[in-house]
Structure formats: structure tokens, C-alpha cells
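For reference, the structure is listed below as C-alpha cells.
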Amino acid sequence: MLTTMSRERVLIAVYIMTNRPYGTLYVGVTSNLYTRVCQHREGTFGGFTSRYGLKRLVWYETFEFMTTAIRREKSIKRYLRDWKINLIERDNPHWEDLSLDWDRPVVWKHGPTGE
């Protein structure tokens with residue numbers, strides 16, 4: 001799973017949005033994760049996520065091919081709610097919004113040369 005992303009990078013992904021930890025969950029698939037999450041946040045992607053205010057990206061998995069991503073999305077949608085929660089908490093135990101850091105500049109921990 002990625003934790004940083006630039007606006008220019010197009011990612012095919014299956015993702016889970018929520019409104020709060022253990023809140024309403026939405027599983028989706030997209031050919032451009034950055035754009036789709038922005039649409040959810042701004043409410044321009046109508047329907048379920050807009051109606052329930054699901055603006056927090058808590059999990060995603062990237063793919064090389066859309067057909068593979070669609071199969072994975074359908075599989076996750078069949079999961080019981082507890083399984084989806086386990087999937088989220090395995091990689092994101094605090095239910096942080098993974099999209100918050102996408103536009104922040106990279107911070108070098110030990111300088112650009114790794115010193």
C-alpha cells in the first residue's frame with residue numbers, strides 16, 4: 001500500500017472510504033485514485049458516498065490492470081463487515097485519512113543524501 005502520492009500519478013485501485021472509524025464503509029474501484037478521492041471529498045461524485053459524507057480514505061490497493069482491480073473490488077464487496085474492518089486495521093490501525101499527505105512536500109529525515 002502506498003502512503004504518498006502526487007496529483008500527476010494515475011493509479012488503478014480498489015479503495016475504502018468512510019466517515020469515521022468504524023463508521024459507514026464504501027468499497028470502490030477507479031482508474032485514477034487521486035481524482036476519485038477528490039471527487040468524494042468535494043461531493044461531486046454523487047450517490048452513496050455523498051449521501052453519507054464518506055470523505056476519509058482509509059484503505060487502498062493498487063493494480064496494474066483494471067480487470068484485476070474490478071475482480072478484487074467484487075471480492076471485497078462480498079466480505080463481511082468485520083473482514084473489511086480487519087483489512088483496514090491491518091494496514092491502518094488508527095483509521096487515518098491516507099489522502100491527507102498526498103499534496104504535502106516530502107520531508108527528508110536524514111537529509112537528501114540519506115546522511
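Identifiers for the C-alpha cells are assigned positionally: chains receive A, B, ... in sequence, residues are indexed from 1 per chain, and ligands are indexed from 1 in the order shown.
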
Residues flagged helix (DSSP H, G or I) by DSSP in region 3-62 of chain A, as a list in words: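 Result set for region 3-62 of chain A (helix (DSSP H, G or I)): Leu33, Tyr34, Thr35, Arg36, Val37, Cys38, Gln39, His40, Arg41, Glu42, Phe48, Thr49, Ser50, Arg51 and Tyr52 of chain A.
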
Dump of C-alpha atoms for the selected residues, as a PDB file, in the first residue's frame:
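Written output follows (again35.pdb):
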ATOM      1  CA  LEU A  33      -7.416   7.188  -7.272  1.00  0.00           C
ATOM      2  CA  TYR A  34      -6.298  10.781  -6.698  1.00  0.00           C
ATOM      3  CA  THR A  35      -9.100  12.253  -8.814  1.00  0.00           C
ATOM      4  CA  ARG A  36     -11.746   9.919  -7.403  1.00  0.00           C
ATOM      5  CA  VAL A  37     -10.886  10.714  -3.779  1.00  0.00           C
ATOM      6  CA  CYS A  38     -11.021  14.439  -4.605  1.00  0.00           C
ATOM      7  CA  GLN A  39     -14.489  13.886  -6.110  1.00  0.00           C
ATOM      8  CA  HIS A  40     -15.648  12.124  -2.945  1.00  0.00           C
ATOM      9  CA  ARG A  41     -14.265  14.931  -0.761  1.00  0.00           C
ATOM     10  CA  GLU A  42     -15.888  17.673  -2.812  1.00  0.00           C
ATOM     11  CA  PHE A  48     -23.817   6.709  -1.525  1.00  0.00           C
ATOM     12  CA  THR A  49     -20.578   8.453  -0.511  1.00  0.00           C
ATOM     13  CA  SER A  50     -22.081  11.902  -0.894  1.00  0.00           C
ATOM     14  CA  ARG A  51     -25.268  10.984   0.970  1.00  0.00           C
ATOM     15  CA  TYR A  52     -23.347   9.587   3.962  1.00  0.00           C
TER      16      TYR A  52
END

Who sits within 7 Å of Ile16 (chain A), only C-alpha atoms, same chain under 6 positions skipped, as an MDAnalysis selection string: chainID A and resid 25:28 57:60

Contacts of Ile85 (chain A) within 12 Å, only C-alpha atoms, excl. fewer than 3 positions in-chain, as a ChimeraX atom specification: /A:16-18,21-27,58-59,76,79-82,88-95

With C-alpha atoms retained, export the selected residues as a PDB file, in the first residue's frame.
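What follows is the written file out.pdb:
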ATOM      1  CA  ILE A  16     -12.417   2.027   1.034  1.00  0.00           C
ATOM      2  CA  MET A  17     -13.911   5.354   2.136  1.00  0.00           C
ATOM      3  CA  THR A  18     -15.574   6.087   5.480  1.00  0.00           C
ATOM      4  CA  PRO A  21     -13.527   4.947  12.420  1.00  0.00           C
ATOM      5  CA  TYR A  22     -15.951   2.016  12.398  1.00  0.00           C
ATOM      6  CA  GLY A  23     -18.450   4.171  10.525  1.00  0.00           C
ATOM      7  CA  THR A  24     -20.163   3.591   7.209  1.00  0.00           C
ATOM      8  CA  LEU A  25     -17.901   1.880   4.650  1.00  0.00           C
ATOM      9  CA  TYR A  26     -17.829   2.225   0.870  1.00  0.00           C
ATOM     10  CA  VAL A  27     -15.756  -0.047  -1.374  1.00  0.00           C
ATOM     11  CA  VAL A  58      -8.769   4.503   4.958  1.00  0.00           C
ATOM     12  CA  TRP A  59      -7.508   1.728   2.678  1.00  0.00           C
ATOM     13  CA  ILE A  76     -14.128  -7.283  -1.112  1.00  0.00           C
ATOM     14  CA  TYR A  79     -16.677  -9.650   2.545  1.00  0.00           C
ATOM     15  CA  LEU A  80     -18.484  -9.430   5.839  1.00  0.00           C
ATOM     16  CA  ARG A  81     -18.176  -6.025   7.504  1.00  0.00           C
ATOM     17  CA  ASP A  82     -15.781  -7.431  10.138  1.00  0.00           C
ATOM     18  CA  ILE A  88      -8.350  -1.652   7.092  1.00  0.00           C
ATOM     19  CA  GLU A  89      -6.827  -2.184  10.527  1.00  0.00           C
ATOM     20  CA  ARG A  90      -4.082  -4.467   9.226  1.00  0.00           C
ATOM     21  CA  ASP A  91      -2.531  -1.532   7.327  1.00  0.00           C
ATOM     22  CA  ASN A  92      -4.151   1.485   9.009  1.00  0.00           C
ATOM     23  CA  PRO A  93      -4.905   0.683  12.670  1.00  0.00           C
ATOM     24  CA  HIS A  94      -5.783   4.291  13.547  1.00  0.00           C
ATOM     25  CA  TRP A  95      -8.119   4.784  10.572  1.00  0.00           C
TER      26      TRP A  95
END

Counting only C-alpha atoms, the residue of A:Asn32, A:Glu96, A:Asn86, A:Phe45 that sits nearest Phe63 (chain A):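 Result for the nearest residue to Phe63 (chain A): A:Asn32.
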
Proximity to Glu64 (chain A) - best of A:Trp83, A:Leu100, A:Thr30, A:Gly47, only C-alpha atoms: A:Thr30

Counting only C-alpha atoms, the residue of A:Thr68, A:Ala13, A:Glu73, A:Arg56 that sits nearest Leu98 (chain A):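 Of A:Thr68, A:Ala13, A:Glu73, A:Arg56, the one nearest Leu98 (chain A) is A:Arg56, counting only C-alpha atoms.
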
Å distance separating CA of Arg78 (chain A) from CA of Gly43 (chain A), one decimal place: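 These two atoms are separated by 25.7 Å.
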
Strand (DSSP E or B) residues, from DSSP on the backbone, in region 54-97 of chain A, as number ranges by chain: A: 56-63

Hey, can you spit out that residue selection with C-alpha atoms as a short mmCIF file (atom, residue, chain, number, x, y, z; two decimals), in the first residue's frame?
data_model
loop_
_atom_site.label_atom_id
_atom_site.label_comp_id
_atom_site.auth_asym_id
_atom_site.auth_seq_id
_atom_site.Cartn_x
_atom_site.Cartn_y
_atom_site.Cartn_z
CA ARG A 56 -11.92 9.64 4.56
CA LEU A 57 -9.76 7.25 2.52
CA VAL A 58 -8.77 4.50 4.96
CA TRP A 59 -7.51 1.73 2.68
CA TYR A 60 -6.49 1.14 -0.92
CA GLU A 61 -4.72 -1.44 -3.06
CA THR A 62 -3.22 -0.64 -6.45
CA PHE A 63 -3.28 -2.74 -9.61
#
